[in-house]
$ cat data.cif   # mmCIF, C-alpha atoms
data_entry
#
loop_
_atom_site.label_atom_id
_atom_site.label_comp_id
_atom_site.auth_asym_id
_atom_site.auth_seq_id
_atom_site.Cartn_x
_atom_site.Cartn_y
_atom_site.Cartn_z
CA MET A 240 53.47 32.48 -30.99
CA ILE A 241 49.84 33.36 -30.28
CA ASN A 242 48.61 29.91 -31.34
CA HIS A 243 51.26 28.29 -29.16
CA SER A 244 50.08 30.33 -26.13
CA ILE A 245 46.45 29.37 -26.79
CA ASP A 246 47.33 25.68 -27.06
CA TYR A 247 49.34 25.86 -23.84
CA GLY A 248 46.45 27.57 -22.03
CA LEU A 249 43.94 25.00 -23.25
CA GLU A 250 46.25 22.18 -22.15
CA ARG A 251 46.58 23.64 -18.66
CA TYR A 252 42.82 24.17 -18.44
CA LYS A 253 42.21 20.54 -19.44
CA LYS A 254 44.62 19.28 -16.77
CA VAL A 255 42.87 21.36 -14.08
CA GLU A 256 39.47 20.15 -15.28
CA ASP A 257 40.63 16.50 -15.19
CA LYS A 258 41.90 16.95 -11.63
CA MET A 259 38.57 18.49 -10.55
CA VAL A 260 36.60 15.61 -12.10
CA GLU A 261 38.88 13.08 -10.45
CA LYS A 262 38.42 14.82 -7.10
CA LEU A 263 34.63 14.85 -7.41
CA ASN A 264 34.43 11.17 -8.42
CA PHE A 265 36.39 9.68 -5.54
CA LYS A 266 35.02 6.57 -3.82
CA ILE A 267 33.21 6.60 -0.48
CA PHE A 268 35.50 5.10 2.16
CA ASP A 269 37.84 4.54 -0.80
CA LEU A 270 35.79 1.41 -1.62
CA TRP A 271 32.82 2.15 -3.89
CA ASP A 272 32.26 4.66 -6.67
CA ILE A 273 28.74 6.10 -6.48
CA SER A 274 29.06 8.81 -9.13
CA ASN A 275 27.48 6.65 -11.86
CA ILE A 276 24.51 5.36 -9.86
CA THR A 277 21.16 6.51 -11.24
CA ILE A 278 17.84 6.67 -9.42
CA GLU A 279 15.09 5.53 -11.76
CA GLU A 280 11.97 6.33 -9.72
CA PRO A 281 11.06 10.01 -10.24
CA GLY A 282 9.52 10.42 -6.78
CA LEU A 283 12.75 9.48 -5.01
CA LYS A 284 15.31 11.29 -7.15
CA ASN A 285 15.39 14.39 -4.95
CA VAL A 286 15.44 12.61 -1.58
CA ILE A 287 18.10 9.91 -2.06
CA ASN A 288 21.43 11.66 -1.62
CA LEU A 289 24.39 10.09 -3.43
CA GLU A 290 26.87 12.93 -3.02
CA PRO A 291 30.39 11.43 -3.02
CA LYS A 292 32.29 12.02 0.20
CA LEU A 293 35.29 10.18 1.52
CA ALA A 294 33.88 10.01 5.08
CA LEU A 295 30.10 10.07 5.45
CA GLN A 296 29.64 12.11 8.59
CA SER A 297 27.27 15.08 8.41
CA HIS A 298 27.61 16.18 12.07
CA GLY A 299 23.88 16.58 12.66
CA ARG A 300 23.04 18.44 9.46
CA ASN A 301 19.75 16.55 9.14
CA VAL A 302 18.13 18.49 12.00
CA VAL A 303 17.06 21.34 9.68
CA LYS A 304 13.99 21.23 7.43
CA HIS A 305 14.50 18.68 4.64
CA GLY A 306 18.01 18.23 6.02
CA GLN A 307 17.80 14.48 5.51
CA THR A 308 18.03 15.04 1.76
CA LYS A 309 21.52 16.51 2.33
CA VAL A 310 22.76 13.36 4.08
CA ASN A 311 24.12 10.46 2.05
CA VAL A 312 21.76 7.47 2.02
CA VAL A 313 24.46 5.16 3.43
CA GLU A 314 24.84 7.44 6.45
CA ARG A 315 21.07 7.56 6.89
CA LEU A 316 21.05 3.76 7.05
CA MET A 317 23.80 3.88 9.65
CA ASN A 318 21.79 6.30 11.78
CA LYS A 319 18.84 3.89 11.80
CA LEU A 320 20.96 1.09 13.26
CA ALA A 321 21.19 2.94 16.56
CA LEU A 322 17.37 2.71 16.82
CA ALA A 323 17.00 -0.93 15.85
CA GLY A 324 15.37 -1.77 19.19
CA HIS A 325 12.63 0.86 18.96
CA ARG A 326 9.09 -0.19 18.08
CA ASN A 327 6.22 2.32 18.10
CA LYS A 328 8.00 4.87 20.30
CA LYS A 329 9.00 2.18 22.80
CA HIS A 330 12.41 0.61 23.27
CA ARG A 331 11.46 -3.05 23.34
CA ILE A 332 14.83 -4.71 22.93
CA GLU A 333 18.30 -3.64 24.03
CA LEU A 334 20.87 -4.49 21.35
CA GLY A 335 24.45 -4.72 22.52
CA HIS A 336 25.87 -4.76 18.98
CA SER A 337 24.18 -1.51 17.97
CA THR A 338 24.90 1.70 19.87
CA GLY A 339 24.95 5.41 19.19
CA LYS A 340 28.64 5.30 18.31
CA TYR A 341 29.30 6.34 14.72
CA SER A 342 32.39 4.20 14.13
CA LYS A 343 30.75 1.01 15.43
CA ASN A 344 27.53 1.38 13.44
CA MET A 345 29.29 2.47 10.24
CA LYS A 346 31.63 -0.52 10.54
CA THR A 347 28.54 -2.75 10.59
CA VAL A 348 27.16 -1.06 7.45
CA ILE A 349 30.47 -1.35 5.60
CA GLU A 350 30.74 -5.03 6.53
CA ALA A 351 27.19 -5.62 5.29
CA LEU A 352 27.90 -3.80 1.99
CA LYS A 353 31.01 -5.92 1.47
CA ILE A 354 28.89 -9.06 1.88
CA VAL A 355 26.36 -7.69 -0.62
CA GLU A 356 29.14 -6.94 -3.10
CA LYS A 357 30.59 -10.44 -2.73
CA ARG A 358 27.23 -12.16 -3.27
CA THR A 359 25.77 -9.99 -6.03
CA LYS A 360 29.00 -9.03 -7.86
CA THR A 361 27.52 -5.53 -8.11
CA ASN A 362 28.21 -2.15 -6.53
CA PRO A 363 26.54 -2.60 -3.10
CA VAL A 364 25.43 1.04 -2.86
CA GLU A 365 23.60 0.62 -6.18
CA VAL A 366 21.97 -2.54 -4.77
CA LEU A 367 20.89 -0.56 -1.70
CA VAL A 368 19.36 2.17 -3.88
CA LYS A 369 17.44 -0.38 -5.97
CA THR A 370 16.24 -2.02 -2.75
CA ILE A 371 14.88 1.31 -1.52
CA GLU A 372 13.12 1.91 -4.85
CA LYS A 373 11.49 -1.54 -4.80
CA ALA A 374 10.50 -1.61 -1.11
CA ALA A 375 9.37 1.99 -0.53
CA PRO A 376 5.61 1.95 0.27
CA ARG A 377 3.40 4.47 -1.52
CA ASP A 378 0.32 4.49 0.72
CA GLU A 379 -0.39 4.11 4.41
CA VAL A 380 -3.25 4.61 6.88
CA THR A 381 -3.74 7.53 9.24
CA VAL A 382 -6.59 8.22 11.68
CA ILE A 383 -8.86 11.25 11.32
CA GLU A 384 -11.46 12.42 13.82
CA TYR A 385 -14.82 13.63 12.58
CA GLY A 386 -17.87 14.27 14.75
CA GLY A 387 -16.31 12.63 17.78
CA ALA A 388 -15.55 9.40 15.90
CA ARG A 389 -12.20 8.20 14.62
CA TYR A 390 -11.87 6.78 11.11
CA PRO A 391 -8.94 5.23 9.26
CA GLN A 392 -8.02 7.16 6.12
CA ALA A 393 -5.63 6.17 3.34
CA VAL A 394 -3.00 8.80 2.53
CA ASP A 395 -0.06 9.09 0.16
CA ILE A 396 3.39 8.93 1.74
CA SER A 397 5.85 11.77 1.18
CA PRO A 398 9.11 10.86 -0.59
CA ILE A 399 11.28 11.55 2.48
CA ARG A 400 9.09 9.34 4.67
CA ARG A 401 9.14 6.57 2.05
CA VAL A 402 12.91 6.35 2.29
CA ASN A 403 12.84 6.63 6.09
CA LEU A 404 10.36 3.76 6.35
CA VAL A 405 12.50 1.48 4.19
CA LEU A 406 15.63 2.22 6.23
CA LYS A 407 13.73 1.72 9.49
CA TYR A 408 12.25 -1.61 8.39
CA LEU A 409 15.69 -2.64 7.13
CA ALA A 410 17.24 -2.05 10.56
CA HIS A 411 14.30 -3.71 12.36
CA GLY A 412 14.30 -6.77 10.09
CA ALA A 413 18.04 -7.29 10.44
CA SER A 414 17.82 -6.80 14.19
CA ASP A 415 15.02 -9.34 14.64
CA LYS A 416 16.84 -11.95 12.54
CA SER A 417 20.13 -11.59 14.43
CA PHE A 418 19.07 -10.89 18.03
CA GLY A 419 19.80 -13.89 20.22
CA LYS A 420 21.00 -15.92 17.23
CA LYS A 421 24.35 -17.00 15.78
CA LYS A 422 23.91 -14.77 12.71
CA LYS A 423 25.78 -11.48 12.94
CA PHE A 424 23.97 -8.17 12.58
CA ALA A 425 25.96 -7.28 9.45
CA GLN A 426 25.11 -10.63 7.86
CA ALA A 427 21.40 -10.18 8.65
CA LEU A 428 21.50 -6.64 7.24
CA ALA A 429 23.10 -7.88 4.02
CA ASP A 430 20.50 -10.66 3.74
CA GLU A 431 17.63 -8.17 4.06
CA ILE A 432 19.10 -5.91 1.36
CA ILE A 433 19.61 -8.80 -1.05
CA LEU A 434 16.16 -10.36 -0.41
CA ALA A 435 14.40 -7.11 -1.28
CA TYR A 436 16.72 -6.51 -4.24
CA GLU A 437 15.79 -9.94 -5.64
CA ASN A 438 12.04 -9.46 -4.92
CA ASN A 439 12.09 -12.44 -2.55
CA GLY A 440 8.85 -13.00 -0.64
CA GLU A 441 10.77 -13.61 2.59
CA SER A 442 11.96 -10.00 2.67
CA THR A 443 10.76 -8.03 5.69
CA LEU A 444 10.75 -4.86 3.59
CA LEU A 445 8.43 -6.25 0.91
CA LYS A 446 6.12 -7.73 3.57
CA LYS A 447 5.83 -4.34 5.27
CA LYS A 448 5.19 -2.63 1.93
CA LYS A 449 2.40 -5.05 1.00
CA GLU A 450 0.85 -4.76 4.45
CA SER A 451 0.89 -0.95 4.39
CA GLU A 452 -0.60 -0.70 0.88
CA ALA A 453 -3.22 -3.39 1.62
CA GLN A 454 -4.40 -1.48 4.71
CA ALA A 455 -4.55 1.73 2.66
CA ASP A 456 -6.63 0.02 -0.06
CA ALA A 457 -9.07 -1.26 2.58
CA ALA A 458 -9.45 2.24 4.09
CA ARG A 459 -10.29 4.05 0.86
#
$ encode --input "data.cif" --output "structure tokens"
Amino acid sequence: MINHSIDYGLERYKKVEDKMVEKLNFKIFDLWDISNITIEEPGLKNVINLEPKLALQSHGRNVVKHGQTKVNVVERLMNKLALAGHRNKKHRIELGHSTGKYSKNMKTVIEALKIVEKRTKTNPVEVLVKTIEKAAPRDEVTVIEYGGARYPQAVDISPIRRVNLVLKYLAHGASDKSFGKKKKFAQALADEIILAYENNGESTLLKKKKESEAQADAAR
């Protein structure tokens, strides 16, 4: 009798555990499973969030210190699309297809990820993560003032800024290649992700990375 009770308890515990695992491993937007995606670069492991949520909407949680690390990387990309017209603190171009509306911008991201999945036959979120790892710059140039003169100085980029720069350049590159052209914004966004993923020299992300690191090497 005692053994039967123990077996019954273990069976119930296993069923509850299986339900919890199934609940934690659900797909984002019921499309892509991101629970098995691994981040290989050590410097970016703690800043690329891949927490599985059915709807990626943080409601402004990234306003606190290091809050961006609590926001899923797909949502962070979506947030950058609303600023695709900004260059150096100036709004140079007005983009009718990209607004501050969550549903419209996220629909663009989902459409782009579907295109990536169709062309690469791979989980598109995994492709996006690999693109960020390959295109994230490590050095950049800042300006320091010493004795009344200003000098360029090479500095290391923090992990959070590395990811932010990739997402910003991704939105800018897709915007420039679709603005005033027949190509849709989602198609241009998918092209930029795939070009960087395949280490193609035409990628805006890789060009920006090489430019930033070359300027830093010259300022050392």
$ atom_distance --input "data.cif" --atom1 "atom CA of A:Asn318" --atom2 "atom CA of A:Asn344"
7.7 Å
$ resolve_selection --input "data.cif" --expression "the PyMOL selection byres ((chain A and resi 408) around 10)" --output "ChimeraX atom specification"
/A:319,323,374,403-407,409-414,431,443-448
$ atom_distance --input "data.cif" --atom1 "atom CA of A:Ser451" --atom2 "atom CA of A:Val368"
20.5 Å
$ atom_distance --input "data.cif" --atom1 "atom CA of A:Leu289" --atom2 "atom CA of A:Asn311"
5.5 Å
$ resolve_selection --input "data.cif" --expression "the PyMOL selection byres ((chain A and resi 379) around 9)" --output "list in words"
Pro376, Arg377, Asp378, Val380, Thr381, Gln392, Ala393, Val394, Asp395, Ile396, Glu450, Ser451, Glu452, Ala453, Gln454, Ala455 and Asp456 of chain A
$ resolve_selection --input "data.cif" --expression "the PyMOL selection byres ((chain A and resi 267) around 10)" --output "short mmCIF file (atom, residue, chain, number, x, y, z; two decimals) with C-alpha atoms, keeping the file's coordinate frame"
data_model
loop_
_atom_site.label_atom_id
_atom_site.label_comp_id
_atom_site.auth_asym_id
_atom_site.auth_seq_id
_atom_site.Cartn_x
_atom_site.Cartn_y
_atom_site.Cartn_z
CA ASN A 264 34.43 11.17 -8.42
CA PHE A 265 36.39 9.68 -5.54
CA LYS A 266 35.02 6.57 -3.82
CA PHE A 268 35.50 5.10 2.16
CA ASP A 269 37.84 4.54 -0.80
CA LEU A 270 35.79 1.41 -1.62
CA TRP A 271 32.82 2.15 -3.89
CA ASP A 272 32.26 4.66 -6.67
CA ILE A 273 28.74 6.10 -6.48
CA SER A 274 29.06 8.81 -9.13
CA LEU A 289 24.39 10.09 -3.43
CA GLU A 290 26.87 12.93 -3.02
CA PRO A 291 30.39 11.43 -3.02
CA LYS A 292 32.29 12.02 0.20
CA LEU A 293 35.29 10.18 1.52
CA ALA A 294 33.88 10.01 5.08
CA LEU A 295 30.10 10.07 5.45
CA VAL A 313 24.46 5.16 3.43
CA VAL A 364 25.43 1.04 -2.86
#
$ residues_around --input "data.cif" --residues "A:Ser417" --least-positions-apart "2" --cutoff "12 Å" --atoms "only C-alpha atoms" --output "ChimeraX atom specification"
/A:323-324,334-337,410-415,419-431
$ closest_residue --input "data.cif" --among "A:Pro391, A:Pro363, A:Gly306, A:Gly339" --to "A:Asn285" --atoms "only C-alpha atoms"
A:Gly306
$ closest_residue --input "data.cif" --among "A:Arg315, A:Lys373, A:Lys309, A:Lys340" --to "A:Asn438" --atoms "all atoms listed in the file"
A:Lys373
